[in-house]
$ cat work31.txt   # compact mmCIF, C-alpha atoms
# COMPACT_ATOMS: atom_id res chain seq x y z
CA MET A 1 -18.61 28.47 -26.38
CA SER A 2 -19.76 29.21 -29.91
CA TYR A 3 -19.05 25.63 -30.98
CA PHE A 4 -22.16 24.40 -29.22
CA SER A 5 -24.40 27.44 -29.69
CA GLY A 6 -26.53 25.94 -32.46
CA ILE A 7 -27.40 22.86 -30.46
CA TYR A 8 -30.39 22.12 -28.26
CA PRO A 9 -29.60 23.71 -24.84
CA GLY A 10 -29.80 20.53 -22.74
CA LEU A 11 -27.52 18.66 -25.08
CA ARG A 12 -25.16 21.61 -25.08
CA THR A 13 -24.81 21.60 -21.29
CA GLY A 14 -24.29 17.85 -21.44
CA LEU A 15 -21.52 18.14 -24.01
CA ILE A 16 -19.73 20.89 -22.10
CA THR A 17 -19.87 18.79 -18.92
CA LEU A 18 -18.59 15.78 -20.84
CA SER A 19 -15.67 17.78 -22.23
CA TRP A 20 -14.48 18.44 -18.66
CA LEU A 21 -14.42 14.74 -17.74
CA PRO A 22 -10.80 14.13 -18.85
CA VAL A 23 -9.72 17.10 -16.71
CA VAL A 24 -11.56 15.78 -13.67
CA TYR A 25 -10.13 12.30 -14.20
CA THR A 26 -6.57 13.60 -14.59
CA PHE A 27 -7.01 15.76 -11.48
CA SER A 28 -8.16 12.78 -9.43
CA ASN A 29 -5.26 10.71 -10.72
CA HIS A 30 -2.53 13.22 -10.08
CA VAL A 31 -3.67 15.80 -7.51
CA TYR A 32 -6.30 14.72 -4.98
CA GLN A 33 -8.87 11.95 -4.97
CA PRO A 34 -11.53 10.80 -2.52
CA CYS A 35 -11.22 7.11 -1.79
CA GLN A 36 -13.26 4.63 0.21
CA ILE A 37 -11.27 2.48 2.60
CA SER A 38 -12.52 -1.03 3.20
CA GLY A 39 -11.26 -3.79 5.44
CA MET A 40 -10.07 -3.70 9.02
CA SER A 41 -6.30 -3.86 8.66
CA MET A 42 -5.99 -0.17 9.61
CA THR A 43 -8.39 -0.24 12.59
CA PRO A 44 -8.61 1.88 14.74
CA THR A 45 -7.26 4.64 12.45
CA PHE A 46 -9.75 3.77 9.70
CA ASN A 47 -13.08 1.94 9.99
CA PRO A 48 -13.05 1.64 13.81
CA GLY A 49 -16.67 0.47 13.69
CA VAL A 50 -17.43 2.09 17.07
CA ALA A 51 -19.96 4.86 16.49
CA THR A 52 -20.95 3.73 13.02
CA THR A 53 -20.18 0.80 10.75
CA GLU A 54 -20.03 2.95 7.64
CA LYS A 55 -16.77 2.72 5.70
CA ASP A 56 -14.48 5.74 5.88
CA ILE A 57 -13.95 7.93 2.85
CA ALA A 58 -10.57 9.66 2.83
CA ILE A 59 -8.83 12.28 0.71
CA VAL A 60 -5.73 10.89 -0.96
CA GLN A 61 -2.88 13.10 -2.13
CA LYS A 62 -1.55 11.89 -5.47
CA PHE A 63 1.41 14.18 -6.09
CA ASN A 64 4.89 14.04 -4.60
CA VAL A 65 4.53 10.49 -3.26
CA ARG A 66 6.88 8.49 -5.51
CA ARG A 67 9.86 10.83 -5.32
CA PRO A 68 12.69 9.46 -3.16
CA ASN A 69 12.54 10.83 0.41
CA SER A 70 9.07 12.35 -0.12
CA LEU A 71 7.49 10.18 2.61
CA VAL A 72 8.23 9.98 6.33
CA ARG A 73 7.63 7.30 8.98
CA GLY A 74 4.01 7.49 10.13
CA ASP A 75 2.53 8.50 6.76
CA VAL A 76 -0.42 6.43 5.64
CA VAL A 77 0.04 5.41 2.02
CA MET A 78 -2.08 3.78 -0.62
CA PHE A 79 -0.23 1.45 -2.97
CA ARG A 80 -0.79 -1.34 -5.46
CA SER A 81 -0.45 -4.75 -3.86
CA PRO A 82 2.73 -6.48 -5.02
CA GLN A 83 0.80 -9.75 -4.95
CA ASN A 84 -2.14 -8.56 -7.03
CA PRO A 85 -1.66 -5.47 -9.24
CA GLU A 86 -5.41 -4.78 -9.41
CA LYS A 87 -5.71 -4.36 -5.64
CA LEU A 88 -5.02 -1.16 -3.71
CA LEU A 89 -3.85 -1.44 -0.11
CA THR A 90 -3.69 1.21 2.63
CA LYS A 91 -0.95 0.82 5.23
CA ARG A 92 1.31 2.91 7.41
CA VAL A 93 4.95 3.58 6.53
CA VAL A 94 7.05 2.06 9.31
CA GLY A 95 10.48 1.96 7.66
CA LEU A 96 12.23 4.07 5.05
CA GLN A 97 15.10 3.15 2.74
CA GLY A 98 18.18 2.07 4.68
CA ASP A 99 16.29 1.33 7.91
CA GLU A 100 16.77 -1.94 9.73
CA ILE A 101 13.38 -3.21 10.81
CA LEU A 102 12.51 -5.73 13.49
CA ALA A 103 10.08 -7.79 11.42
CA LYS A 104 7.37 -10.00 12.83
CA SER A 105 8.80 -13.44 12.38
CA PRO A 106 6.88 -15.55 11.46
CA PRO A 107 5.49 -14.72 8.91
CA TYR A 108 8.65 -12.87 7.81
CA PRO A 109 11.51 -15.35 7.29
CA LYS A 110 14.16 -13.16 8.96
CA LYS A 111 14.17 -11.35 12.32
CA VAL A 112 15.73 -8.16 10.98
CA ALA A 113 14.89 -6.78 7.55
CA LYS A 114 16.98 -4.14 5.81
CA VAL A 115 14.89 -1.85 3.61
CA PRO A 116 16.55 -1.49 0.15
CA ARG A 117 17.04 1.71 -1.83
CA ASN A 118 13.76 3.51 -2.64
CA HIS A 119 11.71 0.88 -0.85
CA LEU A 120 9.35 1.18 2.13
CA TRP A 121 8.39 -1.08 5.00
CA VAL A 122 4.60 -0.84 5.44
CA GLU A 123 2.38 -2.29 8.16
CA GLY A 124 -1.30 -2.14 9.09
CA ASP A 125 -2.19 -0.58 12.45
CA ASN A 126 -4.23 -3.67 13.29
CA ALA A 127 -1.31 -6.08 13.48
CA PHE A 128 -3.47 -9.17 13.94
CA HIS A 129 -5.54 -8.57 10.85
CA SER A 130 -3.19 -7.18 8.26
CA ILE A 131 -1.35 -8.50 5.21
CA ASP A 132 1.66 -6.20 4.94
CA SER A 133 5.45 -6.07 4.60
CA ASN A 134 5.73 -8.87 7.16
CA ASN A 135 4.18 -11.09 4.48
CA PHE A 136 5.47 -9.69 1.20
CA GLY A 137 8.60 -7.84 2.31
CA PRO A 138 9.57 -4.22 1.65
CA ILE A 139 7.72 -2.61 -1.27
CA SER A 140 9.13 -0.40 -4.02
CA GLN A 141 8.17 3.23 -3.66
CA ALA A 142 7.11 3.11 -7.32
CA LEU A 143 4.07 1.08 -6.20
CA VAL A 144 2.78 3.95 -4.06
CA THR A 145 -0.18 5.73 -5.64
CA GLY A 146 -1.10 8.19 -2.89
CA LYS A 147 -0.87 9.43 0.65
CA VAL A 148 -3.97 9.64 2.86
CA VAL A 149 -4.24 13.18 4.24
CA ALA A 150 -7.66 13.33 5.93
CA ILE A 151 -10.91 11.51 6.54
CA VAL A 152 -13.93 13.33 5.09
CA TYR A 153 -16.78 10.89 5.73
CA PRO A 154 -18.52 9.98 8.04
CA PHE A 155 -18.63 13.62 9.16
CA SER A 156 -18.34 12.65 12.83
CA ARG A 157 -14.81 11.40 12.10
CA PHE A 158 -13.85 14.44 10.06
CA ARG A 159 -11.23 15.63 12.54
CA ALA A 160 -9.85 12.18 13.39
CA ASP A 161 -6.08 12.15 13.75
CA ILE A 162 -4.60 9.67 11.30
CA ARG A 163 -0.97 10.32 12.25
CA LYS A 164 -1.25 8.29 15.45
CA GLY A 165 -0.76 4.56 15.26
CA GLY A 166 1.73 1.97 14.15
CA ARG A 167 4.90 0.99 15.96
CA ASP A 168 8.51 2.08 15.95
CA ALA A 169 10.01 -1.04 14.46
CA ARG A 170 13.52 0.27 13.91
CA LYS A 171 16.24 -1.91 15.29
CA PRO A 172 17.95 -0.17 18.22
CA PRO A 173 21.68 0.40 17.69
CA ASP A 174 23.85 -2.47 18.86
CA ARG A 175 25.46 -2.18 22.27
CA GLU A 176 28.91 -2.52 20.72
CA ASP A 177 28.41 0.58 18.58
CA VAL A 178 27.61 2.62 21.69
CA LYS A 179 30.64 1.24 23.48
CA LEU A 180 32.87 2.15 20.58
CA LEU A 181 31.56 5.72 20.66
CA ASP A 182 32.29 5.88 24.41
CA ASP A 183 35.83 4.72 23.81
CA PHE A 184 36.23 7.37 21.15
CA GLU A 185 35.28 10.12 23.54
CA MET B 1 -11.89 46.36 -30.03
CA VAL B 2 -10.09 43.08 -29.57
CA LEU B 3 -9.52 43.80 -25.88
CA VAL B 4 -13.24 43.81 -25.06
CA ASP B 5 -13.57 40.18 -26.11
CA SER B 6 -10.25 39.13 -24.70
CA PRO B 7 -11.15 37.87 -21.17
CA ARG B 8 -13.74 35.53 -22.61
CA PHE B 9 -11.48 34.50 -25.46
CA LEU B 10 -8.63 33.91 -23.03
CA ALA B 11 -10.77 31.80 -20.71
CA SER B 12 -12.04 29.67 -23.57
CA THR B 13 -8.53 29.19 -25.00
CA ILE B 14 -7.13 28.15 -21.63
CA SER B 15 -9.98 25.75 -20.89
CA TRP B 16 -9.73 24.06 -24.30
CA THR B 17 -5.95 23.77 -23.97
CA LEU B 18 -6.39 22.18 -20.55
CA LYS B 19 -8.98 19.73 -21.84
CA ALA B 20 -6.88 18.77 -24.86
CA GLY B 21 -3.77 18.36 -22.68
CA CYS B 22 -5.62 16.05 -20.32
CA VAL B 23 -6.96 13.95 -23.20
CA VAL B 24 -3.44 13.57 -24.63
CA HIS B 25 -2.15 12.63 -21.19
CA LEU B 26 -4.85 10.00 -20.68
CA VAL B 27 -4.17 8.51 -24.11
CA HIS B 28 -0.48 8.28 -23.20
CA GLU B 29 -1.30 6.62 -19.92
CA PHE B 30 -4.03 4.19 -20.96
CA VAL B 31 -3.94 3.65 -24.72
CA TYR B 32 -0.70 4.22 -26.62
CA GLU B 33 2.67 5.91 -26.25
CA PHE B 34 5.49 6.61 -28.69
CA THR B 35 8.63 7.24 -26.71
CA GLU B 36 12.42 7.25 -26.88
CA THR B 37 14.52 4.50 -25.35
CA ARG B 38 18.19 4.63 -24.50
CA GLY B 39 20.78 2.18 -23.33
CA GLU B 40 22.59 -0.95 -24.45
CA SER B 41 20.53 -3.40 -22.40
CA MET B 42 18.15 -4.39 -25.22
CA LEU B 43 20.69 -4.88 -28.01
CA PRO B 44 20.20 -6.29 -30.67
CA THR B 45 16.42 -5.70 -30.47
CA LEU B 46 16.77 -1.96 -29.84
CA GLN B 47 19.67 0.37 -30.61
CA PRO B 48 21.38 2.17 -27.73
CA LYS B 49 20.47 5.56 -29.25
CA HIS B 50 17.89 7.17 -31.54
CA ASP B 51 15.37 4.37 -31.09
CA TYR B 52 11.71 5.08 -30.41
CA VAL B 53 9.23 2.44 -29.37
CA HIS B 54 5.47 2.04 -29.81
CA ALA B 55 3.97 0.88 -26.53
CA LEU B 56 0.40 -0.35 -26.04
CA LYS B 57 -0.95 0.59 -22.61
CA LYS B 58 -3.73 -1.98 -22.67
CA TYR B 59 -1.17 -4.35 -21.13
CA ARG B 60 -0.45 -2.06 -18.16
CA LEU B 61 -0.31 -3.73 -14.75
CA GLY B 62 0.72 -6.92 -16.52
CA LYS B 63 -2.73 -7.68 -17.94
CA GLY B 64 -2.58 -10.38 -20.63
CA LEU B 65 1.22 -10.51 -20.88
CA LYS B 66 3.08 -13.71 -21.73
CA ILE B 67 6.62 -14.92 -21.29
CA GLY B 68 8.82 -13.43 -24.03
CA ASP B 69 6.94 -10.11 -24.34
CA CYS B 70 8.87 -6.81 -24.32
CA ILE B 71 7.64 -4.38 -21.68
CA VAL B 72 8.16 -0.88 -20.35
CA ALA B 73 8.16 -0.69 -16.55
CA THR B 74 9.12 1.63 -13.72
CA LYS B 75 12.41 0.66 -12.13
CA PRO B 76 11.72 -0.69 -8.61
CA SER B 77 14.90 0.82 -7.18
CA ASP B 78 14.32 4.22 -8.79
CA PRO B 79 10.71 5.36 -9.44
CA ASP B 80 11.88 8.20 -11.72
CA GLN B 81 13.38 5.84 -14.27
CA ARG B 82 11.72 3.54 -16.72
CA VAL B 83 13.23 0.37 -18.05
CA CYS B 84 12.58 -1.66 -21.15
CA LYS B 85 13.04 -5.41 -20.71
CA ARG B 86 11.79 -8.79 -21.82
CA ILE B 87 9.71 -11.04 -19.56
CA THR B 88 11.64 -14.26 -18.96
CA GLY B 89 9.65 -15.68 -16.05
CA MET B 90 5.99 -15.71 -15.07
CA PRO B 91 4.46 -16.23 -11.60
CA GLY B 92 5.17 -19.73 -10.35
CA ASP B 93 8.17 -20.31 -12.65
CA ILE B 94 11.43 -21.47 -11.11
CA ILE B 95 14.31 -19.37 -12.40
CA LEU B 96 18.04 -20.07 -12.39
CA ILE B 97 19.09 -16.59 -11.24
CA ASP B 98 22.39 -15.95 -13.00
CA PRO B 99 24.50 -18.83 -14.36
CA SER B 100 26.89 -16.32 -15.98
CA SER B 101 28.11 -15.28 -12.52
CA SER B 102 29.84 -18.68 -12.37
CA SER B 103 31.02 -18.72 -15.99
CA GLU B 104 34.69 -19.71 -16.26
CA LEU B 105 35.13 -17.28 -19.16
CA THR B 106 34.58 -14.14 -17.08
CA ASN B 107 35.25 -15.21 -13.49
CA SER B 108 38.24 -16.47 -11.57
CA PRO B 109 37.96 -20.11 -10.39
CA SER B 110 37.43 -19.00 -6.80
CA SER B 111 34.60 -16.57 -7.60
CA CYS B 112 32.94 -19.26 -9.78
CA VAL B 113 32.69 -21.37 -6.65
CA TYR B 114 31.77 -18.40 -4.45
CA HIS B 115 28.90 -17.15 -6.66
CA ASP B 116 27.53 -20.69 -7.05
CA GLY B 117 25.56 -19.46 -10.07
CA PHE B 118 24.40 -22.89 -11.24
CA ASN B 119 22.63 -23.68 -7.99
CA LYS B 120 20.80 -20.46 -7.08
CA TYR B 121 17.13 -20.60 -7.96
CA ILE B 122 14.13 -18.40 -7.20
CA LYS B 123 10.42 -19.12 -7.55
CA VAL B 124 8.63 -16.10 -9.00
CA PRO B 125 5.87 -15.11 -6.52
CA GLU B 126 2.25 -14.38 -7.41
CA GLY B 127 1.81 -10.96 -9.07
CA HIS B 128 5.45 -10.66 -10.12
CA VAL B 129 7.50 -11.35 -13.25
CA TRP B 130 11.18 -12.01 -13.93
CA VAL B 131 12.62 -9.58 -16.49
CA THR B 132 15.97 -9.50 -18.26
CA GLY B 133 17.48 -7.39 -21.03
CA ASP B 134 18.28 -9.03 -24.36
CA ASN B 135 21.91 -8.02 -23.90
CA LEU B 136 22.62 -10.07 -20.80
CA CYS B 137 26.20 -8.80 -20.49
CA HIS B 138 25.13 -5.19 -20.15
CA SER B 139 21.77 -5.08 -18.46
CA LEU B 140 20.59 -4.13 -15.00
CA ASP B 141 17.54 -6.32 -14.48
CA SER B 142 15.89 -8.91 -12.25
CA ARG B 143 19.30 -10.45 -11.65
CA SER B 144 20.14 -7.41 -9.52
CA TYR B 145 16.78 -6.04 -8.32
CA SER B 146 15.01 -9.42 -8.21
CA VAL B 147 11.38 -9.99 -9.25
CA LEU B 148 9.39 -7.06 -10.66
CA PRO B 149 5.85 -6.43 -9.36
CA MET B 150 3.38 -6.48 -12.27
CA ALA B 151 1.89 -3.24 -10.96
CA LEU B 152 5.00 -1.43 -12.22
CA ILE B 153 4.46 -2.55 -15.84
CA LYS B 154 3.39 0.42 -17.96
CA GLY B 155 2.85 -1.25 -21.29
CA LYS B 156 3.96 -3.72 -23.94
CA ILE B 157 6.33 -2.76 -26.72
CA VAL B 158 4.92 -3.83 -30.07
CA ALA B 159 7.11 -1.99 -32.58
CA ALA B 160 10.11 0.31 -32.91
CA ASN B 161 11.56 2.98 -35.20
CA SER B 162 15.15 4.14 -35.58
CA MET B 163 14.90 7.88 -36.02
CA ASP B 164 18.43 8.25 -37.41
CA LYS B 165 17.73 5.96 -40.37
CA GLY B 166 15.50 8.01 -42.71
CA LEU B 167 13.28 6.69 -45.48
CA ARG B 168 15.73 4.46 -47.39
CA ASN B 169 17.86 1.57 -46.22
CA SER B 170 21.42 0.83 -47.35
CA ASP B 171 20.16 -0.82 -50.57
CA GLY B 172 18.20 2.30 -51.42
CA SER B 173 14.81 0.67 -51.02
CA PHE B 174 12.02 2.26 -49.03
CA TRP B 175 11.62 1.78 -45.32
CA PHE B 176 9.90 3.93 -42.76
CA TRP B 177 12.67 4.91 -40.34
CA ASN B 178 13.48 1.24 -39.99
CA PHE B 179 10.00 0.42 -38.71
CA ARG B 180 9.93 -3.10 -37.32
CA TRP B 181 7.56 -5.14 -35.20
CA ILE B 182 8.93 -6.32 -31.88
CA THR B 183 7.78 -9.89 -31.52
CA ASN B 184 7.71 -12.48 -28.80
CA THR B 185 10.93 -14.47 -29.20
CA PHE B 186 10.16 -17.16 -26.65
CA VAL B 187 10.72 -20.72 -27.86
CA SER B 188 9.37 -23.53 -25.71
CA GLU B 189 11.75 -26.45 -25.78
$ encode --input "work31.txt" --output "structure tokens"
Amino acid sequence: MSYFSGIYPGLRTGLITLSWLPVVYTFSNHVYQPCQISGMSMTPTFNPGVATTEKDIAIVQKFNVRRPNSLVRGDVVMFRSPQNPEKLLTKRVVGLQGDEILAKSPPYPKKVAKVPRNHLWVEGDNAFHSIDSNNFGPISQALVTGKVVAIVYPFSRFRADIRKGGRDARKPPDREDVKLLDDFE
Amino acid sequence: MVLVDSPRFLASTISWTLKAGCVVHLVHEFVYEFTETRGESMLPTLQPKHDYVHALKKYRLGKGLKIGDCIVATKPSDPDQRVCKRITGMPGDIILIDPSSSSELTNSPSSCVYHDGFNKYIKVPEGHVWVTGDNLCHSLDSRSYSVLPMALIKGKIVAANSMDKGLRNSDGSFWFWNFRWITNTFVSE
């Protein structure tokens, strides 16, 4: 601390605080970060607008989200929009790599979508008001910037369960496969 | 005694190391990075080995990039890997995907017809780019993983060094580890 000892005390405190800014910024980029969620694509999980119309603020986990197989179905992720790199979207993971998904068609051109390697199928909980994988297709996991772990504000929603919601969109196994298994036994 | 001071000294050393490390990290992420590249996909622009590139991070997320620029990006099919490619299609462009897949030099007559390489086009969607390596014969690029979201672009490559070359070239004249600018090679016809 001797570097700043000769300086006017207020300035000194200011400089020391300033010198911690890069650490705080790196922490919020790579460990945890509070984030405000706007829009209604994830209603009723986020921004239900029932008790209060204030926007939810959530804690976003920034580590261990891009590694293959680090996410599961039902996780709520934050990722950069493939259509506009400046925009962050929050959606629920519905399909993992290798899954066959029953897409909403239209807007998706095909009825069944196969999720490629290290890609995710993401959808908003509010199906009627969401721009998601049904519009832009499966997204690369490299676009994911974080995973929402909890809501912290408004305080009344502090214990809200964010794991509920979304649909099971996996294509059920074909009848013929089942029949083949029966024959095998 | 040294030990009396040591907790305070230790705390100050650790905190300054942490701060300095974070500053270096932020510079690498948002300003400038000097990093090694490997692989044959960018020959003859970059060597397969011993080449280091200077990347400007101001162009991250595809800001201000043009067709013909060299970029570093995360690989969409493998987030742990980074690739170095050249932008060969901007949003809205219509791209002939891979005419070489129907080239009579490398394909049998039946697969030339099957691949139909001269008739397969794609329109690059908003927020994406089409990237290919300079060495088209040995490059895994948009032809296999399709369009690349601009959000995966980490920076633009502006120059390169060959670290195995030293300070003199074959004529004996001075060069700085074969320092060369990497320029935009796009020619509009």
$ residues_around --input "work31.txt" --residues "Val23 in chain A" --least-positions-apart "6" --cutoff "8 Å" --atoms "all atoms listed in the file" --output "PyMOL selection string"
chain B and resi 18-19+22-23
$ interface_residues --input "work31.txt" --of "chain B" --to "chain A" --cutoff "12 Å" --atoms "all atoms listed in the file" --output "MDAnalysis selection string"
chainID B and resid 8:13 15:30 59:63 73:82 91 124:129 144:154
$ closest_residue --input "work31.txt" --among "A:Arg92, A:Lys164, A:Arg73, A:His129" --to "Gly39 in chain A" --atoms "only C-alpha atoms"
A:His129
$ atom_distance --input "work31.txt" --atom1 "CA of Ser41 in chain A" --atom2 "CA of Gln97 in chain A"
23.3 Å
$ atom_distance --input "work31.txt" --atom1 "CA of Leu96 in chain B" --atom2 "CA of Ile67 in chain B"
15.4 Å
$ atom_distance --input "work31.txt" --atom1 "CA of Asp69 in chain B" --atom2 "CA of Asn184 in chain B"
5.1 Å
$ closest_atom_pairs --input "work31.txt" --of "range 30-143 of chain A" --to "range 156-163 of chain A" --cutoff "12 Å" --atoms "all atoms listed in the file" --output "JSON lines"
{"residue": "A:Met42", "atom": "CA", "partner": "A:Ile162", "partner_atom": "CA", "distance": 10.1}
{"residue": "A:Thr43", "atom": "CA", "partner": "A:Ile162", "partner_atom": "CA", "distance": 10.7}
{"residue": "A:Pro44", "atom": "CA", "partner": "A:Ile162", "partner_atom": "CA", "distance": 9.4}
{"residue": "A:Thr45", "atom": "CA", "partner": "A:Ile162", "partner_atom": "CA", "distance": 5.8}
{"residue": "A:Phe46", "atom": "CA", "partner": "A:Ile162", "partner_atom": "CA", "distance": 8.0}
{"residue": "A:Asn47", "atom": "CA", "partner": "A:Arg157", "partner_atom": "CA", "distance": 9.8}
{"residue": "A:Pro48", "atom": "CA", "partner": "A:Arg157", "partner_atom": "CA", "distance": 10.1}
{"residue": "A:Gly49", "atom": "CA", "partner": "A:Arg157", "partner_atom": "CA", "distance": 11.2}
{"residue": "A:Val50", "atom": "CA", "partner": "A:Arg157", "partner_atom": "CA", "distance": 10.9}
{"residue": "A:Ala51", "atom": "CA", "partner": "A:Ser156", "partner_atom": "CA", "distance": 8.8}
{"residue": "A:Thr52", "atom": "CA", "partner": "A:Ser156", "partner_atom": "CA", "distance": 9.3}
{"residue": "A:Thr53", "atom": "CA", "partner": "A:Arg157", "partner_atom": "CA", "distance": 12.0}
{"residue": "A:Glu54", "atom": "CA", "partner": "A:Arg157", "partner_atom": "CA", "distance": 10.9}
{"residue": "A:Lys55", "atom": "CA", "partner": "A:Arg157", "partner_atom": "CA", "distance": 11.0}
{"residue": "A:Asp56", "atom": "CA", "partner": "A:Arg157", "partner_atom": "CA", "distance": 8.4}
{"residue": "A:Ile57", "atom": "CA", "partner": "A:Phe158", "partner_atom": "CA", "distance": 9.7}
{"residue": "A:Ala58", "atom": "CA", "partner": "A:Phe158", "partner_atom": "CA", "distance": 9.3}
{"residue": "A:Ile59", "atom": "CA", "partner": "A:Phe158", "partner_atom": "CA", "distance": 10.8}
{"residue": "A:Val72", "atom": "CA", "partner": "A:Arg163", "partner_atom": "CA", "distance": 10.9}
{"residue": "A:Arg73", "atom": "CA", "partner": "A:Arg163", "partner_atom": "CA", "distance": 9.7}
{"residue": "A:Gly74", "atom": "CA", "partner": "A:Arg163", "partner_atom": "CA", "distance": 6.1}
{"residue": "A:Asp75", "atom": "CA", "partner": "A:Arg163", "partner_atom": "CA", "distance": 6.8}
{"residue": "A:Val76", "atom": "CA", "partner": "A:Arg163", "partner_atom": "CA", "distance": 7.7}
{"residue": "A:Val77", "atom": "CA", "partner": "A:Ile162", "partner_atom": "CA", "distance": 11.2}
{"residue": "A:Lys91", "atom": "CA", "partner": "A:Ile162", "partner_atom": "CA", "distance": 11.3}
{"residue": "A:Arg92", "atom": "CA", "partner": "A:Arg163", "partner_atom": "CA", "distance": 9.1}
{"residue": "A:Val93", "atom": "CA", "partner": "A:Arg163", "partner_atom": "CA", "distance": 10.6}
{"residue": "A:Val94", "atom": "CA", "partner": "A:Arg163", "partner_atom": "CA", "distance": 11.9}
{"residue": "A:Asp125", "atom": "CA", "partner": "A:Ile162", "partner_atom": "CA", "distance": 10.6}
$ axis_aligned_box --input "work31.txt" --around "range 125-140 of chain A" --padding-each-side "6 Å" --output "JSON"
{"center_x": 2.0, "center_y": -5.7, "center_z": 5.0, "size_x": 27.1, "size_y": 22.7, "size_z": 30.0}
$ residues_around --input "work31.txt" --residues "Phe179 in chain B" --least-positions-apart "4" --cutoff "7 Å" --atoms "only C-alpha atoms" --output "list of chain:residue names"
B:Ala160, B:Asn161, B:Trp175
$ residues_around --input "work31.txt" --residues "Met78 in chain A" --least-positions-apart "6" --cutoff "7 Å" --atoms "only C-alpha atoms" --output "compact mmCIF listing (two decimals) with C-alpha atoms, in the frame of the given file"
# COMPACT_ATOMS: atom_id res chain seq x y z
CA LEU A 88 -5.02 -1.16 -3.71
CA LEU A 89 -3.85 -1.44 -0.11
CA THR A 90 -3.69 1.21 2.63
CA LYS A 91 -0.95 0.82 5.23
CA VAL A 144 2.78 3.95 -4.06
CA THR A 145 -0.18 5.73 -5.64
CA GLY A 146 -1.10 8.19 -2.89
CA LYS A 147 -0.87 9.43 0.65
$ decode --input "work31.txt" --residues "range 167-178 of chain B" --atoms "N, CA, C and O atoms" --output "mmCIF file, in the first residue's frame"
data_model
loop_
_atom_site.group_PDB
_atom_site.id
_atom_site.type_symbol
_atom_site.label_atom_id
_atom_site.label_comp_id
_atom_site.auth_asym_id
_atom_site.auth_seq_id
_atom_site.Cartn_x
_atom_site.Cartn_y
_atom_site.Cartn_z
ATOM 1 N N LEU B 167 16.441 -13.397 -37.586
ATOM 2 C CA LEU B 167 16.513 -11.984 -37.943
ATOM 3 C C LEU B 167 17.020 -11.716 -39.359
ATOM 4 O O LEU B 167 17.091 -10.571 -39.785
ATOM 5 N N ARG B 168 17.453 -12.778 -40.086
ATOM 6 C CA ARG B 168 17.943 -12.546 -41.452
ATOM 7 C C ARG B 168 17.260 -13.498 -42.407
ATOM 8 O O ARG B 168 17.033 -14.662 -42.093
ATOM 9 N N ASN B 169 16.943 -13.016 -43.593
ATOM 10 C CA ASN B 169 16.332 -13.909 -44.578
ATOM 11 C C ASN B 169 17.405 -14.637 -45.372
ATOM 12 O O ASN B 169 18.601 -14.506 -45.081
ATOM 13 N N SER B 170 17.018 -15.382 -46.403
ATOM 14 C CA SER B 170 17.991 -16.218 -47.114
ATOM 15 C C SER B 170 19.061 -15.387 -47.823
ATOM 16 O O SER B 170 20.158 -15.872 -48.080
ATOM 17 N N ASP B 171 18.762 -14.129 -48.162
ATOM 18 C CA ASP B 171 19.769 -13.263 -48.780
ATOM 19 C C ASP B 171 20.693 -12.639 -47.754
ATOM 20 O O ASP B 171 21.655 -11.951 -48.114
ATOM 21 N N GLY B 172 20.405 -12.825 -46.487
ATOM 22 C CA GLY B 172 21.241 -12.249 -45.446
ATOM 23 C C GLY B 172 20.817 -10.863 -45.028
ATOM 24 O O GLY B 172 21.438 -10.245 -44.179
ATOM 25 N N SER B 173 19.735 -10.351 -45.615
ATOM 26 C CA SER B 173 19.301 -9.013 -45.203
ATOM 27 C C SER B 173 18.350 -9.131 -44.020
ATOM 28 O O SER B 173 17.769 -10.188 -43.768
ATOM 29 N N PHE B 174 18.192 -8.008 -43.324
ATOM 30 C CA PHE B 174 17.448 -8.004 -42.064
ATOM 31 C C PHE B 174 15.952 -8.201 -42.277
ATOM 32 O O PHE B 174 15.358 -7.639 -43.190
ATOM 33 N N TRP B 175 15.371 -9.048 -41.481
ATOM 34 C CA TRP B 175 13.913 -9.061 -41.340
ATOM 35 C C TRP B 175 13.596 -9.456 -39.919
ATOM 36 O O TRP B 175 14.449 -10.015 -39.214
ATOM 37 N N PHE B 176 12.448 -9.146 -39.461
ATOM 38 C CA PHE B 176 12.087 -9.369 -38.071
ATOM 39 C C PHE B 176 11.222 -10.620 -37.989
ATOM 40 O O PHE B 176 10.013 -10.554 -38.059
ATOM 41 N N TRP B 177 11.853 -11.773 -37.886
ATOM 42 C CA TRP B 177 11.142 -13.056 -37.857
ATOM 43 C C TRP B 177 10.074 -13.104 -38.932
ATOM 44 O O TRP B 177 8.947 -13.480 -38.687
ATOM 45 N N ASN B 178 10.476 -12.692 -40.140
ATOM 46 C CA ASN B 178 9.566 -12.706 -41.278
ATOM 47 C C ASN B 178 8.260 -11.977 -40.980
ATOM 48 O O ASN B 178 7.180 -12.448 -41.304
#
